[in-house]
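Raw model.pdb, PDB, C-alpha atoms:
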```
ATOM      1  CA  MET A   1       0.000   0.000   0.000
ATOM      2  CA  SER A   2       1.580   3.227  -1.069
ATOM      3  CA  LEU A   3      -1.002   5.952  -0.442
ATOM      4  CA  GLU A   4      -0.038   7.216  -3.871
ATOM      5  CA  GLY A   5      -0.281  10.978  -4.144
ATOM      6  CA  LEU A   6      -0.224  11.593  -0.385
ATOM      7  CA  ASP A   7       2.969  13.618  -0.616
ATOM      8  CA  ASP A   8       1.605  15.596  -3.566
ATOM      9  CA  VAL A   9      -1.139  17.167  -1.445
ATOM     10  CA  ALA A  10      -0.357  20.679  -0.166
ATOM     11  CA  TRP A  11      -1.268  19.807   3.427
ATOM     12  CA  HIS A  12       0.165  23.113   4.658
ATOM     13  CA  SER A  13      -2.605  24.946   2.812
ATOM     14  CA  ILE A  14      -5.433  22.634   3.922
ATOM     15  CA  ASP A  15      -7.116  23.237   7.260
ATOM     16  CA  HIS A  16      -8.594  20.813   9.719
ATOM     17  CA  ALA A  17     -10.159  21.419  13.149
ATOM     18  CA  CYS A  18      -6.808  22.391  14.686
ATOM     19  CA  GLY A  19      -5.313  24.503  11.883
ATOM     20  CA  PRO A  20      -3.095  23.444   8.982
ATOM     21  CA  ALA A  21      -3.351  19.718   8.295
ATOM     22  CA  LEU A  22       0.409  19.134   8.446
ATOM     23  CA  ASP A  23      -0.025  16.136  10.755
ATOM     24  CA  THR A  24      -2.616  14.428   8.548
ATOM     25  CA  PRO A  25      -0.203  12.510   6.270
ATOM     26  CA  GLY A  26       1.401  10.968   9.348
ATOM     27  CA  HIS A  27      -1.984   9.901  10.691
ATOM     28  CA  LEU A  28      -2.873   8.335   7.337
ATOM     29  CA  ARG A  29       0.440   6.467   7.162
ATOM     30  CA  ALA A  30      -0.035   5.252  10.736
ATOM     31  CA  LEU A  31      -3.240   3.519   9.628
ATOM     32  CA  LEU A  32      -0.985   1.075   7.781
ATOM     33  CA  SER A  33       1.001   0.105  10.874
ATOM     34  CA  ASP A  34       1.223  -3.509  11.986
ATOM     35  CA  ASP A  35       0.686  -2.305  15.567
ATOM     36  CA  PRO A  36      -3.045  -2.141  16.394
ATOM     37  CA  GLU A  37      -2.415   0.511  19.073
ATOM     38  CA  VAL A  38      -0.730   2.777  16.514
ATOM     39  CA  VAL A  39      -3.663   2.292  14.145
ATOM     40  CA  ALA A  40      -6.180   3.001  16.922
ATOM     41  CA  GLN A  41      -4.347   6.221  17.806
ATOM     42  CA  ALA A  42      -4.271   7.267  14.146
ATOM     43  CA  VAL A  43      -8.038   6.761  13.921
ATOM     44  CA  THR A  44      -8.510   8.832  17.080
ATOM     45  CA  ASP A  45      -6.220  11.561  15.749
ATOM     46  CA  LEU A  46      -8.035  11.704  12.414
ATOM     47  CA  ASP A  47     -11.407  11.847  14.131
ATOM     48  CA  ARG A  48     -10.167  14.628  16.425
ATOM     49  CA  THR A  49      -8.743  16.729  13.605
ATOM     50  CA  VAL A  50     -10.729  15.958  10.444
ATOM     51  CA  TYR A  51     -14.226  15.792  11.890
ATOM     52  CA  GLU A  52     -15.462  19.148  13.156
ATOM     53  CA  GLU A  53     -18.597  19.252  15.232
ATOM     54  CA  GLY A  54     -20.945  22.127  14.734
ATOM     55  CA  GLY A  55     -21.943  21.943  11.124
ATOM     56  CA  PHE A  56     -18.705  22.483   9.270
ATOM     57  CA  VAL A  57     -17.007  20.199   6.765
ATOM     58  CA  CYS A  58     -13.365  21.235   6.642
ATOM     59  CA  PRO A  59     -11.066  21.004   3.615
ATOM     60  CA  ALA A  60      -9.067  18.232   5.290
ATOM     61  CA  ALA A  61     -12.166  16.008   5.251
ATOM     62  CA  THR A  62     -12.271  16.309   1.484
ATOM     63  CA  ALA A  63      -8.536  15.719   1.134
ATOM     64  CA  VAL A  64      -8.393  12.565   3.291
ATOM     65  CA  LEU A  65     -11.424  10.837   1.833
ATOM     66  CA  PRO A  66      -9.733   9.145  -1.166
ATOM     67  CA  PHE A  67      -6.914   7.909   1.065
ATOM     68  CA  LEU A  68      -9.393   6.471   3.548
ATOM     69  CA  VAL A  69     -11.133   4.645   0.706
ATOM     70  CA  GLU A  70      -7.783   3.089  -0.193
ATOM     71  CA  VAL A  71      -6.871   2.103   3.362
ATOM     72  CA  MET A  72     -10.184   1.006   4.875
ATOM     73  CA  PRO A  73     -10.315  -2.479   3.291
ATOM     74  CA  LEU A  74      -6.977  -3.265   4.932
ATOM     75  CA  LEU A  75      -8.022  -2.310   8.448
ATOM     76  CA  ALA A  76      -9.229  -4.514  11.252
ATOM     77  CA  PRO A  77     -13.026  -4.406  11.571
ATOM     78  CA  GLU A  78     -13.001  -2.241  14.704
ATOM     79  CA  HIS A  79     -10.757   0.403  13.115
ATOM     80  CA  ARG A  80     -12.718   0.321   9.877
ATOM     81  CA  ALA A  81     -15.964   0.775  11.839
ATOM     82  CA  ARG A  82     -14.598   3.796  13.713
ATOM     83  CA  LEU A  83     -13.418   5.458  10.504
ATOM     84  CA  LEU A  84     -16.705   4.696   8.799
ATOM     85  CA  ASP A  85     -18.534   6.299  11.717
ATOM     86  CA  MET A  86     -16.385   9.428  11.359
ATOM     87  CA  ILE A  87     -16.964   9.572   7.613
ATOM     88  CA  GLU A  88     -20.709   9.152   8.054
ATOM     89  CA  ARG A  89     -20.780  12.018  10.573
ATOM     90  CA  ILE A  90     -18.920  14.206   8.090
ATOM     91  CA  ALA A  91     -21.268  13.158   5.281
ATOM     92  CA  ASP A  92     -24.287  13.972   7.460
ATOM     93  CA  ASP A  93     -22.811  17.392   8.152
ATOM     94  CA  GLY A  94     -22.164  17.780   4.431
ATOM     95  CA  GLU A  95     -25.909  17.501   3.865
ATOM     96  CA  ASN A  96     -26.903  19.933   6.600
ATOM     97  CA  ALA A  97     -23.945  22.174   7.408
ATOM     98  CA  GLU A  98     -23.815  25.882   6.849
ATOM     99  CA  GLN A  99     -20.163  25.639   5.795
ATOM    100  CA  VAL A 100     -19.019  22.803   3.572
ATOM    101  CA  ASP A 101     -15.717  22.586   1.766
ATOM    102  CA  PRO A 102     -16.506  23.194  -1.936
ATOM    103  CA  GLY A 103     -14.939  19.888  -2.977
ATOM    104  CA  TRP A 104     -16.727  17.721  -0.407
ATOM    105  CA  HIS A 105     -19.837  16.794  -2.391
ATOM    106  CA  ALA A 106     -17.874  15.600  -5.434
ATOM    107  CA  ALA A 107     -15.415  13.681  -3.237
ATOM    108  CA  TRP A 108     -18.271  12.036  -1.329
ATOM    109  CA  ALA A 109     -20.149  11.171  -4.534
ATOM    110  CA  LYS A 110     -17.043   9.339  -5.746
ATOM    111  CA  ALA A 111     -15.975   7.745  -2.454
ATOM    112  CA  GLY A 112     -19.323   7.004  -0.830
ATOM    113  CA  PRO A 113     -20.226   3.924  -2.878
ATOM    114  CA  ALA A 114     -16.792   2.419  -2.262
ATOM    115  CA  ILE A 115     -16.980   2.616   1.541
ATOM    116  CA  ARG A 116     -20.642   2.179   2.378
ATOM    117  CA  PRO A 117     -21.480  -1.268   3.663
ATOM    118  CA  ALA A 118     -23.530  -3.322   1.241
TER     119      ALA A 118
END
```
Written as structure tokens, how would this file's structure read?
Amino acid sequence: MSLEGLDDVAWHSIDHACGPALDTPGHLRALLSDDPEVVAQAVTDLDRTVYEEGGFVCPAATAVLPFLVEVMPLLAPEHRARLLDMIERIADDGENAEQVDPGWHAAWAKAGPAIRPA
């Protein structure tokens, strides 16, 4: 698993709940760890930074979505379920939020079918 294109994203110019998403590539790479505790922490970190409560879908949510689609099939069921929960909360906000990253709807339209349970 290479997370192709991860280093091509201008993370310094993408915001998440805590500011510039400079830590996001590390969290995504940590999802591929063989250590379940490292993966669990990466899921927690992504949820803490990418999901923003209060009706806002941040640009980082849009940017991480294709990478999550790539990684989710490789994850243990409990980690996959936690990420899916986060993504569903973001998608719900995307339908109802006052502020939604302009690229979210297109990213969700593409990624949604690939990650929704059958």
Q.
From (-3.3, 3.6, 15.8), in the file's coordinates, out to 12 Å: which residues are reached, counting all atoms listed in the file? Answer as JSON, numbers by chain.
A. {"A": [26, 27, 28, 29, 30, 31, 32, 33, 34, 35, 36, 37, 38, 39, 40, 41, 42, 43, 44, 45, 46, 47, 75, 76, 78, 79, 80, 82, 83]}
Would you output that residue set with C-alpha atoms, as a short mmCIF file (atom, residue, chain, number, x, y, z; two decimals), in the frame of the given file?
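Dumped to again19.cif:
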```cif
data_model
loop_
_atom_site.label_atom_id
_atom_site.label_comp_id
_atom_site.auth_asym_id
_atom_site.auth_seq_id
_atom_site.Cartn_x
_atom_site.Cartn_y
_atom_site.Cartn_z
CA GLY A 26 1.40 10.97 9.35
CA HIS A 27 -1.98 9.90 10.69
CA LEU A 28 -2.87 8.34 7.34
CA ARG A 29 0.44 6.47 7.16
CA ALA A 30 -0.04 5.25 10.74
CA LEU A 31 -3.24 3.52 9.63
CA LEU A 32 -0.98 1.08 7.78
CA SER A 33 1.00 0.10 10.87
CA ASP A 34 1.22 -3.51 11.99
CA ASP A 35 0.69 -2.31 15.57
CA PRO A 36 -3.04 -2.14 16.39
CA GLU A 37 -2.42 0.51 19.07
CA VAL A 38 -0.73 2.78 16.51
CA VAL A 39 -3.66 2.29 14.14
CA ALA A 40 -6.18 3.00 16.92
CA GLN A 41 -4.35 6.22 17.81
CA ALA A 42 -4.27 7.27 14.15
CA VAL A 43 -8.04 6.76 13.92
CA THR A 44 -8.51 8.83 17.08
CA ASP A 45 -6.22 11.56 15.75
CA LEU A 46 -8.04 11.70 12.41
CA ASP A 47 -11.41 11.85 14.13
CA LEU A 75 -8.02 -2.31 8.45
CA ALA A 76 -9.23 -4.51 11.25
CA GLU A 78 -13.00 -2.24 14.70
CA HIS A 79 -10.76 0.40 13.12
CA ARG A 80 -12.72 0.32 9.88
CA ARG A 82 -14.60 3.80 13.71
CA LEU A 83 -13.42 5.46 10.50
#
```
Q. From the list A:Cys58, A:Ala21, A:Leu3, A:Ala107, which residue is nearest A:Met72 when using only C-alpha atoms?
A.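 Counting only C-alpha atoms, the residue closest to A:Met72 is A:Leu3.
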Q: Any chance you could resolve the PyMOL selection byres ((chain A and resi 98) around 12) against this file and give the residues as an MDAnalysis selection string?
A: chainID A and resid 53:58 92:97 99:102
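Counting from atom CA of A:His105, the distance to atom CA of A:Ala91 is 8.6 Å.
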Q: Within 12 Å of (-20.8, 8.3, -2.3) (coordinates as in the file), grab all the protein and nucleic acid residues, counting only C-alpha atoms, and write them out as a list in words.
A: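 Within the cut-off we find Leu65, Pro66, Val69, Ile87, Glu88, Ala91, Asp92, Gly94, Trp104, His105, Ala106, Ala107, Trp108, Ala109, Lys110, Ala111, Gly112, Pro113, Ala114, Ile115, Arg116 and Pro117 of chain A.
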File of the preceding selection, C-alpha atoms, as a compact mmCIF listing (two decimals), keeping the file's coordinate frame:
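Saved as result_29.txt:
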```txt
# COMPACT_ATOMS: atom_id res chain seq x y z
CA LEU A 65 -11.42 10.84 1.83
CA PRO A 66 -9.73 9.14 -1.17
CA VAL A 69 -11.13 4.64 0.71
CA ILE A 87 -16.96 9.57 7.61
CA GLU A 88 -20.71 9.15 8.05
CA ALA A 91 -21.27 13.16 5.28
CA ASP A 92 -24.29 13.97 7.46
CA GLY A 94 -22.16 17.78 4.43
CA TRP A 104 -16.73 17.72 -0.41
CA HIS A 105 -19.84 16.79 -2.39
CA ALA A 106 -17.87 15.60 -5.43
CA ALA A 107 -15.42 13.68 -3.24
CA TRP A 108 -18.27 12.04 -1.33
CA ALA A 109 -20.15 11.17 -4.53
CA LYS A 110 -17.04 9.34 -5.75
CA ALA A 111 -15.98 7.74 -2.45
CA GLY A 112 -19.32 7.00 -0.83
CA PRO A 113 -20.23 3.92 -2.88
CA ALA A 114 -16.79 2.42 -2.26
CA ILE A 115 -16.98 2.62 1.54
CA ARG A 116 -20.64 2.18 2.38
CA PRO A 117 -21.48 -1.27 3.66
```
Q: May I ask for the distance between atom CA of A:Arg48 and atom CA of A:Thr24, given in Å to one decimal place?
A: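 Computing the Euclidean distance for atom CA of A:Arg48 and atom CA of A:Thr24 yields 10.9 Å.
In this model, the gap between atom CA of A:Pro77 and atom CA of A:Leu22 comes to 27.3 Å.
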**Q.** Residues matched by the PyMOL selection byres ((chain A and resi 4) around 12), written as a VMD selection string
**A.** chain A and resid 1 to 3 5 to 9 25 28 to 29 66 to 68 70 to 71
